[in-house]
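Shown next: model_12.txt, containing compact mmCIF, C-alpha atoms and all ligand atoms.
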```
# COMPACT_ATOMS: atom_id res chain seq x y z
CA MET V 22 -21.38 65.53 -23.32
CA VAL V 23 -21.93 64.96 -19.59
CA ASN V 24 -24.96 62.86 -20.45
CA ARG V 25 -22.97 60.74 -22.93
CA LEU V 26 -20.22 60.24 -20.30
CA ARG V 27 -22.85 59.24 -17.74
CA SER V 28 -24.35 56.67 -20.14
CA LEU V 29 -20.86 55.30 -20.90
CA LEU V 30 -20.11 54.98 -17.19
CA PHE V 31 -23.43 53.27 -16.66
CA VAL V 32 -22.69 50.71 -19.43
CA ILE V 33 -19.17 50.03 -18.07
CA THR V 34 -20.48 49.55 -14.51
CA PHE V 35 -23.20 47.23 -15.78
CA ILE V 36 -20.73 45.09 -17.76
CA THR V 37 -18.30 44.95 -14.81
CA LEU V 38 -21.08 43.83 -12.51
CA LEU V 39 -22.22 41.20 -14.99
CA VAL V 40 -18.70 39.75 -15.45
CA GLY V 41 -18.05 39.85 -11.71
CA CYS V 42 -21.31 38.10 -11.04
CA SER V 43 -20.69 35.32 -13.54
CA ASN V 44 -17.13 34.83 -12.20
CA SER V 45 -18.35 34.58 -8.66
CA GLN V 46 -21.00 32.09 -9.80
CA LYS V 47 -18.26 30.01 -11.43
CA ALA V 48 -16.21 30.23 -8.23
CA THR V 49 -19.17 29.15 -6.11
CA SER V 50 -20.09 26.23 -8.33
CA LYS V 51 -16.45 25.16 -8.37
CA LYS V 52 -16.33 25.45 -4.59
CA GLU V 53 -19.50 23.44 -4.25
CA GLU V 54 -18.40 20.56 -6.48
CA THR V 55 -18.52 17.40 -4.38
CA PRO V 56 -15.27 15.45 -4.36
CA SER V 57 -15.36 11.91 -5.68
CA LEU V 58 -14.42 9.10 -3.30
CA LYS V 59 -13.14 6.89 -6.11
CA GLU V 60 -10.90 9.73 -7.35
CA VAL V 61 -9.64 10.74 -3.93
CA PHE V 62 -8.67 7.14 -3.05
CA LYS V 63 -7.68 6.01 -6.54
CA ASN V 64 -4.10 5.23 -5.55
CA ASP V 65 -5.13 3.52 -2.33
CA PHE V 66 -8.02 1.07 -2.72
CA LEU V 67 -11.25 0.55 -4.63
CA ILE V 68 -14.33 2.28 -3.24
CA GLY V 69 -17.48 0.20 -3.53
CA THR V 70 -21.15 0.23 -2.69
CA ALA V 71 -23.91 -2.34 -2.43
CA LEU V 72 -26.62 -1.90 -5.07
CA ASN V 73 -30.29 -2.83 -4.74
CA THR V 74 -32.63 -3.74 -7.61
CA PRO V 75 -33.91 -0.23 -8.57
CA GLN V 76 -30.30 0.98 -8.59
CA ILE V 77 -29.13 -1.86 -10.84
CA GLU V 78 -32.05 -1.17 -13.17
CA GLU V 79 -31.27 2.58 -13.09
CA LYS V 80 -34.77 3.35 -11.84
CA ASP V 81 -33.34 5.28 -8.91
CA ALA V 82 -32.51 8.67 -10.44
CA GLY V 83 -30.32 9.88 -7.54
CA ALA V 84 -28.22 6.73 -7.53
CA ALA V 85 -27.93 6.73 -11.33
CA VAL V 86 -25.99 9.99 -11.04
CA LEU V 87 -24.15 9.45 -7.77
CA VAL V 88 -22.93 5.85 -8.08
CA PRO V 89 -20.79 6.28 -11.22
CA GLN V 90 -19.40 9.56 -9.79
CA GLN V 91 -18.37 8.10 -6.46
CA PHE V 92 -17.71 4.37 -6.81
CA ASN V 93 -15.54 2.05 -8.89
CA ALA V 94 -16.72 -1.23 -7.34
CA ALA V 95 -20.13 -2.65 -6.49
CA THR V 96 -21.66 -5.67 -4.82
CA PRO V 97 -25.27 -6.72 -5.47
CA GLU V 98 -27.00 -6.39 -2.11
CA ASN V 99 -29.33 -9.34 -2.74
CA ILE V 100 -29.84 -10.41 -6.34
CA MET V 101 -26.99 -12.93 -6.66
CA LYS V 102 -28.04 -14.77 -3.50
CA ALA V 103 -29.22 -18.35 -4.14
CA GLN V 104 -32.83 -17.59 -3.20
CA ILE V 105 -33.10 -15.13 -6.10
CA ILE V 106 -30.70 -16.49 -8.72
CA HIS V 107 -31.64 -20.17 -8.24
CA PRO V 108 -35.33 -20.20 -7.29
CA GLU V 109 -36.11 -23.81 -8.25
CA TRP V 110 -34.10 -27.02 -8.27
CA SER V 111 -33.43 -26.92 -12.00
CA ARG V 112 -34.24 -23.29 -12.77
CA TYR V 113 -31.98 -20.28 -12.51
CA ASP V 114 -33.02 -16.66 -12.96
CA PHE V 115 -30.14 -14.59 -14.27
CA ASP V 116 -32.14 -11.58 -15.31
CA LEU V 117 -31.04 -9.13 -12.58
CA ALA V 118 -27.53 -10.53 -12.27
CA ASP V 119 -27.01 -10.00 -16.01
CA LYS V 120 -28.24 -6.42 -15.61
CA MET V 121 -25.72 -5.93 -12.83
CA ILE V 122 -22.92 -7.07 -15.12
CA ASP V 123 -24.10 -4.67 -17.86
CA TYR V 124 -24.33 -1.83 -15.33
CA GLY V 125 -20.76 -2.47 -14.22
CA LYS V 126 -19.47 -2.57 -17.79
CA LYS V 127 -21.25 0.62 -18.75
CA ASN V 128 -20.00 2.54 -15.72
CA ASN V 129 -16.49 1.09 -15.30
CA ILE V 130 -17.44 -0.50 -12.01
CA LEU V 131 -15.88 -3.79 -10.89
CA ILE V 132 -18.46 -6.30 -9.69
CA ASN V 133 -17.96 -8.44 -6.62
CA GLY V 134 -20.30 -11.45 -6.80
CA HIS V 135 -22.16 -11.98 -3.53
CA THR V 136 -22.46 -14.78 -2.60
CA LEU V 137 -22.19 -18.41 -3.71
CA ILE V 138 -22.50 -20.36 -0.46
CA TRP V 139 -24.41 -18.88 2.47
CA HIS V 140 -26.62 -20.68 4.98
CA SER V 141 -29.13 -17.81 4.74
CA GLN V 142 -31.47 -16.72 1.92
CA LEU V 143 -31.47 -20.22 0.43
CA PRO V 144 -34.17 -21.12 -2.09
CA ARG V 145 -37.32 -22.50 -0.49
CA PHE V 146 -36.80 -25.98 -2.01
CA MET V 147 -33.60 -26.40 0.03
CA TYR V 148 -35.52 -26.41 3.29
CA GLY V 149 -37.32 -29.62 2.28
CA ILE V 150 -34.11 -31.47 1.45
CA LYS V 151 -32.80 -33.94 3.98
CA ASP V 152 -30.36 -36.27 2.19
CA ALA V 153 -26.69 -35.43 1.88
CA ASP V 154 -26.47 -36.41 -1.80
CA SER V 155 -29.08 -33.84 -2.80
CA VAL V 156 -27.35 -31.12 -0.78
CA LYS V 157 -24.08 -32.04 -2.47
CA GLN V 158 -25.73 -31.92 -5.88
CA PHE V 159 -27.26 -28.49 -5.18
CA PHE V 160 -23.93 -27.21 -3.87
CA THR V 161 -21.97 -28.42 -6.91
CA ASP V 162 -24.51 -27.42 -9.56
CA HIS V 163 -25.07 -24.03 -8.00
CA ILE V 164 -21.39 -23.10 -7.90
CA LYS V 165 -20.59 -24.51 -11.35
CA THR V 166 -23.56 -22.82 -12.98
CA VAL V 167 -23.41 -19.40 -11.33
CA ALA V 168 -19.62 -19.01 -11.10
CA GLY V 169 -19.29 -20.48 -14.61
CA ARG V 170 -21.78 -18.05 -16.15
CA TYR V 171 -20.06 -15.00 -14.66
CA SER V 172 -16.49 -16.18 -15.24
CA GLY V 173 -14.58 -13.24 -16.69
CA LYS V 174 -17.55 -10.96 -15.92
CA VAL V 175 -17.30 -10.52 -12.18
CA PHE V 176 -14.00 -9.35 -10.74
CA SER V 177 -14.36 -11.43 -7.59
CA TRP V 178 -16.66 -13.70 -5.59
CA ASP V 179 -17.56 -13.88 -1.94
CA VAL V 180 -17.34 -17.65 -2.33
CA VAL V 181 -18.48 -18.48 1.20
CA ASN V 182 -20.29 -16.10 3.51
CA GLU V 183 -20.58 -16.24 7.31
CA ALA V 184 -19.57 -19.86 7.97
CA LEU V 185 -18.30 -19.12 11.49
CA ASN V 186 -19.75 -18.69 14.97
CA GLU V 187 -18.64 -15.87 17.25
CA ASP V 188 -16.27 -18.24 19.12
CA GLY V 189 -14.56 -19.20 15.87
CA THR V 190 -16.13 -22.65 15.56
CA MET V 191 -18.02 -23.64 12.42
CA ARG V 192 -21.60 -22.37 12.30
CA LYS V 193 -24.34 -24.99 12.27
CA SER V 194 -25.83 -25.01 8.79
CA ILE V 195 -27.24 -27.38 6.20
CA PHE V 196 -23.82 -27.39 4.51
CA LEU V 197 -21.87 -28.22 7.67
CA ASP V 198 -24.46 -30.78 8.64
CA LYS V 199 -24.60 -32.64 5.32
CA LEU V 200 -21.18 -32.01 3.79
CA GLY V 201 -18.90 -31.73 6.83
CA ASP V 202 -16.48 -28.91 7.56
CA ASP V 203 -14.55 -29.39 4.32
CA PHE V 204 -17.44 -27.72 2.53
CA VAL V 205 -15.67 -24.36 2.61
CA THR V 206 -12.54 -25.71 0.94
CA GLU V 207 -14.70 -27.58 -1.56
CA ALA V 208 -16.61 -24.39 -2.43
CA PHE V 209 -13.34 -22.60 -3.22
CA ARG V 210 -12.10 -25.57 -5.27
CA LEU V 211 -15.28 -25.64 -7.38
CA THR V 212 -15.31 -21.87 -7.88
CA GLN V 213 -11.68 -21.88 -8.93
CA GLU V 214 -12.49 -24.54 -11.55
CA ALA V 215 -15.57 -22.73 -12.83
CA SER V 216 -14.03 -19.26 -12.83
CA PRO V 217 -10.24 -19.54 -12.95
CA ASN V 218 -9.42 -15.82 -13.30
CA THR V 219 -11.73 -14.47 -10.64
CA GLU V 220 -10.54 -13.43 -7.18
CA LEU V 221 -11.96 -15.64 -4.43
CA TYR V 222 -12.82 -14.39 -0.94
CA TYR V 223 -14.15 -15.58 2.39
CA ASN V 224 -16.52 -12.97 3.86
CA ASP V 225 -17.86 -12.59 7.42
CA TYR V 226 -18.95 -10.10 10.09
CA ASN V 227 -17.19 -9.69 13.46
CA ASN V 228 -14.20 -11.58 12.05
CA GLU V 229 -12.03 -8.76 13.37
CA GLN V 230 -12.92 -9.97 16.89
CA PRO V 231 -10.17 -12.16 18.45
CA GLN V 232 -11.96 -15.52 18.69
CA LYS V 233 -13.74 -15.29 15.38
CA ARG V 234 -10.57 -13.99 13.75
CA ALA V 235 -8.66 -17.03 15.06
CA GLY V 236 -11.38 -19.28 13.58
CA CYS V 237 -11.19 -17.41 10.30
CA ILE V 238 -7.42 -17.84 10.19
CA ARG V 239 -7.83 -21.60 10.83
CA LEU V 240 -10.33 -21.77 7.98
CA VAL V 241 -8.04 -19.93 5.57
CA LYS V 242 -5.06 -22.13 6.48
CA LYS V 243 -7.16 -25.22 5.88
CA ILE V 244 -8.03 -24.01 2.38
CA GLN V 245 -4.42 -23.10 1.65
CA GLU V 246 -3.07 -26.40 3.00
CA ALA V 247 -5.43 -28.26 0.66
CA GLY V 248 -3.69 -26.49 -2.24
CA VAL V 249 -6.80 -24.48 -3.05
CA ARG V 250 -6.65 -20.79 -3.93
CA ILE V 251 -8.11 -18.09 -1.68
CA ASP V 252 -7.24 -14.49 -2.53
CA GLY V 253 -8.74 -12.48 0.26
CA VAL V 254 -10.76 -12.07 3.41
CA GLY V 255 -13.69 -9.70 3.64
CA ILE V 256 -14.33 -8.05 6.98
CA GLN V 257 -17.92 -6.86 6.59
CA GLY V 258 -17.61 -3.93 8.99
CA HIS V 259 -21.10 -3.56 10.44
CA TRP V 260 -20.09 -1.41 13.40
CA HIS V 261 -21.67 0.87 15.98
CA VAL V 262 -21.07 4.59 16.49
CA GLY V 263 -18.58 5.32 19.28
CA LYS V 264 -17.69 1.62 19.52
CA VAL V 265 -15.70 0.92 16.37
CA PRO V 266 -13.09 -1.70 17.39
CA PHE V 267 -10.07 0.06 15.88
CA ASP V 268 -7.41 -2.06 17.62
CA ASP V 269 -8.99 -5.34 16.56
CA ILE V 270 -9.43 -4.03 13.02
CA GLU V 271 -5.75 -3.14 12.82
CA LYS V 272 -4.66 -6.52 14.23
CA SER V 273 -6.94 -8.25 11.71
CA ILE V 274 -5.51 -6.34 8.76
CA LEU V 275 -2.02 -7.41 9.83
CA GLU V 276 -2.86 -11.03 10.64
CA TYR V 277 -4.93 -11.72 7.52
CA SER V 278 -2.43 -10.11 5.21
CA ALA V 279 0.36 -12.14 6.86
CA LEU V 280 -1.40 -15.19 5.36
CA GLY V 281 -0.72 -13.73 1.91
CA LEU V 282 -4.30 -12.47 1.53
CA LYS V 283 -5.84 -9.22 0.41
CA VAL V 284 -7.98 -7.59 3.07
CA MET V 285 -11.27 -5.92 2.21
CA PHE V 286 -13.94 -4.04 4.12
CA THR V 287 -16.94 -5.37 2.29
CA GLU V 288 -20.16 -4.11 3.92
CA LEU V 289 -19.19 -0.99 5.80
CA ASP V 290 -21.83 0.92 7.77
CA ILE V 291 -21.89 2.49 11.23
CA GLU V 292 -25.15 2.06 13.10
CA VAL V 293 -26.27 5.03 15.23
CA LEU V 294 -29.35 3.55 16.92
CA PRO V 295 -29.49 1.65 20.21
CA ARG V 296 -28.69 -2.05 20.04
CA ASN V 297 -27.26 -4.30 22.72
CA PHE V 298 -25.40 -6.79 20.53
CA SER V 299 -22.98 -6.48 17.64
CA GLY V 300 -22.70 -8.18 14.27
CA ALA V 301 -25.16 -8.78 11.45
CA ASP V 302 -26.96 -12.06 12.02
CA ILE V 303 -30.23 -11.43 10.21
CA ASN V 304 -32.01 -14.02 12.34
CA GLN V 305 -31.59 -11.85 15.44
CA ARG V 306 -34.67 -9.64 15.84
CA VAL V 307 -35.81 -7.14 18.48
CA ALA V 308 -39.41 -5.97 19.02
CA SER V 309 -40.17 -2.43 17.94
CA ASN V 310 -40.34 0.23 20.64
CA PRO V 311 -40.23 4.07 20.31
CA SER V 312 -37.21 4.30 22.64
CA LEU V 313 -35.26 2.25 20.09
CA ASN V 314 -36.05 4.76 17.34
CA PRO V 315 -34.98 8.10 18.82
CA TYR V 316 -33.93 10.08 15.71
CA VAL V 317 -37.04 10.03 13.52
CA ASN V 318 -36.84 13.80 13.05
CA GLY V 319 -33.11 14.04 12.43
CA LEU V 320 -29.76 13.11 13.88
CA PRO V 321 -28.57 15.24 16.84
CA ASP V 322 -25.39 17.13 16.05
CA SER V 323 -23.38 15.32 18.73
CA VAL V 324 -24.13 11.93 17.11
CA GLN V 325 -23.49 13.34 13.63
CA GLN V 326 -20.05 14.53 14.78
CA GLN V 327 -19.23 11.22 16.46
CA LEU V 328 -20.22 9.36 13.29
CA ALA V 329 -18.00 11.65 11.22
CA GLN V 330 -15.12 11.16 13.67
CA ASP V 331 -15.46 7.37 13.56
CA TYR V 332 -15.43 7.38 9.76
CA GLU V 333 -12.41 9.69 9.69
CA ASN V 334 -10.46 7.47 12.06
CA LEU V 335 -11.43 4.37 10.10
CA PHE V 336 -10.15 5.84 6.86
CA LYS V 337 -6.95 6.99 8.55
CA LEU V 338 -6.44 3.40 9.62
CA PHE V 339 -7.27 2.11 6.14
CA LEU V 340 -4.79 4.55 4.61
CA LYS V 341 -2.10 3.51 7.07
CA HIS V 342 -2.48 -0.06 5.73
CA LYS V 343 -3.41 0.73 2.16
CA ASP V 344 -0.77 -1.68 0.86
CA LYS V 345 -2.79 -4.52 2.42
CA ILE V 346 -6.32 -3.29 1.71
CA SER V 347 -7.74 -3.70 -1.79
CA ARG V 348 -11.32 -2.43 -1.39
CA VAL V 349 -13.65 -0.58 0.96
CA THR V 350 -17.33 -1.12 0.14
CA PHE V 351 -20.24 0.65 1.84
CA TRP V 352 -23.38 -1.42 2.40
CA GLY V 353 -25.77 0.84 0.53
CA VAL V 354 -25.73 4.17 -1.29
CA ASN V 355 -27.75 6.39 1.03
CA ASP V 356 -29.13 6.27 4.57
CA GLY V 357 -32.72 5.77 3.44
CA GLN V 358 -31.83 2.55 1.64
CA SER V 359 -29.77 0.92 4.36
CA TRP V 360 -30.85 -2.50 5.64
CA LEU V 361 -30.31 -1.01 9.14
CA ASN V 362 -33.64 0.82 8.86
CA GLY V 363 -35.27 -2.62 9.09
CA TRP V 364 -32.90 -4.68 11.25
CA PRO V 365 -32.85 -5.80 14.03
CA VAL V 366 -35.90 -3.62 14.74
CA ARG V 367 -38.32 -2.98 11.89
CA GLY V 368 -39.23 0.52 10.73
CA ARG V 369 -36.45 2.61 12.27
CA THR V 370 -34.78 5.76 10.93
CA ASN V 371 -31.06 5.06 10.75
CA TYR V 372 -28.10 7.10 9.49
CA PRO V 373 -25.19 4.70 8.92
CA LEU V 374 -23.72 5.82 5.56
CA LEU V 375 -21.92 8.81 4.00
CA PHE V 376 -24.90 10.11 1.97
CA ASP V 377 -28.22 11.25 3.43
CA ARG V 378 -31.71 10.41 2.22
CA GLU V 379 -31.45 13.12 -0.50
CA TYR V 380 -28.07 11.75 -1.69
CA LYS V 381 -26.31 14.73 -0.14
CA PRO V 382 -22.87 14.12 1.36
CA LYS V 383 -22.94 14.17 5.18
CA PRO V 384 -20.27 15.55 7.53
CA ALA V 385 -18.87 11.99 7.66
CA PHE V 386 -18.26 12.13 3.90
CA PHE V 387 -16.17 15.30 4.22
CA LYS V 388 -14.23 13.82 7.15
CA VAL V 389 -13.36 10.80 5.01
CA ILE V 390 -12.06 13.15 2.31
CA GLU V 391 -10.11 15.10 4.97
CA ALA V 392 -8.57 11.86 6.23
CA LYS V 393 -6.90 11.53 2.85
CA LYS V 394 -5.93 15.23 2.58
CA ASN V 395 -4.28 15.22 6.00
CA PHE V 396 -2.85 11.74 5.78
CA ASN V 397 0.68 11.53 7.09
CA PRO V 398 2.21 8.10 6.45
CA THR V 399 4.71 8.48 9.29
CA GLU V 400 2.12 9.28 11.93
CA LYS V 401 1.98 6.49 14.55
CA LYS V 402 -1.43 7.39 15.99
CA SER V 403 -3.29 4.61 17.76
CA PHE V 404 -7.04 4.95 17.30
O1 LIG V 501 -37.69 -10.88 -1.72
C1 LIG V 501 -38.66 -10.11 -1.00
C2 LIG V 501 -39.45 -9.31 -1.94
O2 LIG V 501 -40.14 -10.16 -2.83
C3 LIG V 501 -40.40 -8.44 -1.12
O3 LIG V 501 -41.04 -7.54 -1.99
C4 LIG V 501 -39.64 -7.63 -0.06
C5 LIG V 501 -40.59 -6.85 0.84
O4 LIG V 501 -40.08 -6.75 2.14
O5 LIG V 501 -38.91 -8.51 0.72
C6 LIG V 501 -37.94 -9.12 -0.12
O6 LIG V 501 -36.91 -9.78 0.49
C7 LIG V 501 -36.08 -9.04 1.35
C8 LIG V 501 -34.74 -8.73 0.67
O7 LIG V 501 -33.84 -8.19 1.61
C9 LIG V 501 -34.86 -7.75 -0.50
O8 LIG V 501 -35.29 -6.51 -0.04
C10 LIG V 501 -35.87 -9.92 2.55
O9 LIG V 501 -37.11 -10.06 3.24
C11 LIG V 501 -34.83 -9.34 3.45
O10 LIG V 501 -34.55 -10.28 4.49
C12 LIG V 501 -33.58 -9.08 2.66
O11 LIG V 501 -32.63 -8.51 3.53
C13 LIG V 501 -31.30 -8.56 3.08
C14 LIG V 501 -30.49 -9.46 4.00
O12 LIG V 501 -29.11 -9.40 3.66
C15 LIG V 501 -30.90 -10.90 3.86
O13 LIG V 501 -30.61 -11.37 2.60
C16 LIG V 501 -30.76 -7.14 3.12
O14 LIG V 501 -31.41 -6.36 2.13
C17 LIG V 501 -29.25 -7.15 2.86
O15 LIG V 501 -28.73 -5.87 3.09
C18 LIG V 501 -28.57 -8.12 3.80
O16 LIG V 501 -27.21 -8.17 3.47
C19 LIG V 501 -26.39 -9.02 4.30
C20 LIG V 501 -25.28 -9.55 3.44
O17 LIG V 501 -25.81 -10.22 2.33
C21 LIG V 501 -24.40 -10.50 4.24
N1 LIG V 501 -23.92 -9.85 5.46
C22 LIG V 501 -24.92 -9.23 6.30
C23 LIG V 501 -25.75 -8.25 5.48
C24 LIG V 501 -26.72 -7.54 6.34
O18 LIG V 501 -27.66 -8.46 6.85
```

As structure tokens, please, write out the structure in this file.
Amino acid sequence: MVNRLRSLLFVITFITLLVGCSNSQKATSKKEETPSLKEVFKNDFLIGTALNTPQIEEKDAGAAVLVPQQFNAATPENIMKAQIIHPEWSRYDFDLADKMIDYGKKNNILINGHTLIWHSQLPRFMYGIKDADSVKQFFTDHIKTVAGRYSGKVFSWDVVNEALNEDGTMRKSIFLDKLGDDFVTEAFRLTQEASPNTELYYNDYNNEQPQKRAGCIRLVKKIQEAGVRIDGVGIQGHWHVGKVPFDDIEKSILEYSALGLKVMFTELDIEVLPRNFSGADINQRVASNPSLNPYVNGLPDSVQQQLAQDYENLFKLFLKHKDKISRVTFWGVNDGQSWLNGWPVRGRTNYPLLFDREYKPKPAFFKVIEAKKNFNPTEKKSF
């Protein structure tokens, strides 16, 4: 009898342990589930990322899982630029851009076309062209063909990219030189004709800075006064840890939206490595030097915390003005893929995004989520 009781007790204990164990496993896996940015901010603004070629082609296994979980908007990092989509005078290559559209459709991700008119990454044939008529023909054909093909397929276009200097004057470029400073308005007019239901944006870096912002506002007013549609301004948001210009960002949100425009943060990343200038002019280069690459073996905790703090404060600011902000897009999925590993110094180890090289969320990711959890709309904090 005692033996039978003992066996019964043993069986009961075993079952209890088994159930307890499986429950605690469930609890742990529930606890460990990573929140989704697109879900957390679904009532606030779209959350986007830039995608590179392996990601668009779903050859990057980590991104294939993470991107649809986290993002509801995407911008092709390179493949819609003229150099790639329009490699020869009368030849276009739509292969990758079409894949991007399919990827967006399949994953419920809105595509922002990037970019129709940019002085940089032009096809090689453009550098041999000297006469204004040929530049005009390229400009017109390019916009009509590319914007026309993706009409109704992309949600929006960065129609013109980086047309301004830091002092707010028009940047010297083949377009300014050959077509005059109405080229920006003309680009919007042509895109509107080719793709009538697509949102149209002007996109730049440092256009939260006072002088460049003033130039950007002049540019927008010029487009509007010509009776041409512009729907939004993209502030790229290539900033530096500990030096994020919160006041200028807030003023820019207010001033751009006062023009009747949507405001977007279109290429967000926060650089953690030493650099003595701001912005994102890809022509600026600095020679490699070990002192400029200090975190090859990992990011010190103090910098990690500062990065997280900067991201938290940024998202608090975005939430405060969520009625004016339509999208926040990160310039890359994970740290290892960021363009900042190669610019302005080649071969560095940078950490500017929310996901690390293994696609794991970083402290900055959780601070961004916390910004939403703790958001108090009446708080008047200045950042
Ligand atoms: O096309 C060649 C390819 O054939 C070759 O295999 C590869 C090897 O290095 O180089 C490829 O081109 C590079 C391209 O990225 C694709 O990786 C270019 O040299 C390189 O200059 C290019 O950099 C891009 C840069 O724009 C210039 O287009 C960056 O990835 C991209 O992040 C960056 O994005 C810009 C935005 O469009 C506008 N705002 C600033 C932002 C950062 O510079």

Within 6 Å of ligand LIG 501 (chain V): each chain V residue with its shortest pair, only C-alpha atoms and all ligand atoms, as a Markdown table:
```
| residue | atom | partner | partner_atom | distance |
| --- | --- | --- | --- | --- |
| V:Glu98 | CA | V:LIG501 | O15 | 5.5 |
| V:Asn99 | CA | V:LIG501 | O13 | 5.9 |
| V:Gln142 | CA | V:LIG501 | O13 | 5.5 |
| V:Ala301 | CA | V:LIG501 | C22 | 5.2 |
| V:Ile303 | CA | V:LIG501 | O18 | 5.2 |
| V:Trp360 | CA | V:LIG501 | O15 | 4.7 |
```

(request) Would you mind reading off the distance between atom CA of V:Tyr332 and atom CA of V:Asn395, one decimal, in Å? (result)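 So the two atoms, atom CA of V:Tyr332 and atom CA of V:Asn395, lie 14.1 Å apart.
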
(request) Find the residue from V:Phe267, V:Tyr226, V:Trp110, V:Phe339 that sits nearest to V:Asn186; use only C-alpha atoms when measuring. (result) V:Tyr226

(message) Under the rule that all atoms listed in the file are counted, which of V:Arg234, V:Lys165, V:Lys243, V:Lys63 is the nearest residue to V:Asp202?
(response)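 Using all atoms listed in the file, V:Asp202 sits closest to V:Lys243.
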
(message) So, with only C-alpha atoms as the atoms that count, which of V:Ile105, V:Lys59, V:Lys127, V:Phe160 lies closest to V:Glu79?
(response) V:Lys127

(message) Report, in Å with one decimal, the straight-line distance from atom CA of V:Leu221 to atom CA of V:Ala279.
(response) 17.1 Å

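Between V:Phe176 and the candidates V:Trp364, V:Tyr222, V:Tyr148, V:Phe66, the tightest atom-to-atom separation, counting only C-alpha atoms, involves V:Tyr222.
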
(request) Could you check how far atom CA of V:Asn362 sits from atom CA of V:Val349, in Å to one decimal? (result) 21.5 Å

(request) Choose the residue, out of V:Phe387, V:Phe159, V:Tyr380, V:Phe286, that has the smallest atom-to-atom separation from V:Phe196; count only C-alpha atoms. (result)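 Closest to V:Phe196, using only C-alpha atoms: V:Phe159.
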
Might you pull out every residue within 12 Å of V:Asp344, with only C-alpha atoms counted and same-chain residues fewer than 2 positions away left off, and present them as a PDB file with C-alpha atoms, in the frame of the given file?
```pdb
ATOM      1  CA  ASN V  64      -4.100   5.230  -5.550  1.00  0.00           C
ATOM      2  CA  ASP V  65      -5.130   3.520  -2.330  1.00  0.00           C
ATOM      3  CA  PHE V  66      -8.020   1.070  -2.720  1.00  0.00           C
ATOM      4  CA  ILE V 274      -5.510  -6.340   8.760  1.00  0.00           C
ATOM      5  CA  LEU V 275      -2.020  -7.410   9.830  1.00  0.00           C
ATOM      6  CA  SER V 278      -2.430 -10.110   5.210  1.00  0.00           C
ATOM      7  CA  LEU V 282      -4.300 -12.470   1.530  1.00  0.00           C
ATOM      8  CA  LYS V 283      -5.840  -9.220   0.410  1.00  0.00           C
ATOM      9  CA  VAL V 284      -7.980  -7.590   3.070  1.00  0.00           C
ATOM     10  CA  MET V 285     -11.270  -5.920   2.210  1.00  0.00           C
ATOM     11  CA  LEU V 338      -6.440   3.400   9.620  1.00  0.00           C
ATOM     12  CA  PHE V 339      -7.270   2.110   6.140  1.00  0.00           C
ATOM     13  CA  LEU V 340      -4.790   4.550   4.610  1.00  0.00           C
ATOM     14  CA  LYS V 341      -2.100   3.510   7.070  1.00  0.00           C
ATOM     15  CA  HIS V 342      -2.480  -0.060   5.730  1.00  0.00           C
ATOM     16  CA  ILE V 346      -6.320  -3.290   1.710  1.00  0.00           C
ATOM     17  CA  SER V 347      -7.740  -3.700  -1.790  1.00  0.00           C
ATOM     18  CA  ARG V 348     -11.320  -2.430  -1.390  1.00  0.00           C
ATOM     19  CA  PRO V 398       2.210   8.100   6.450  1.00  0.00           C
TER      20      PRO V 398
END
```

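Proximity ranking of V:Ala94, V:Ile150, V:Ala84, V:Val366 relative to V:Asn297 places V:Val366 first, based on all atoms listed in the file.
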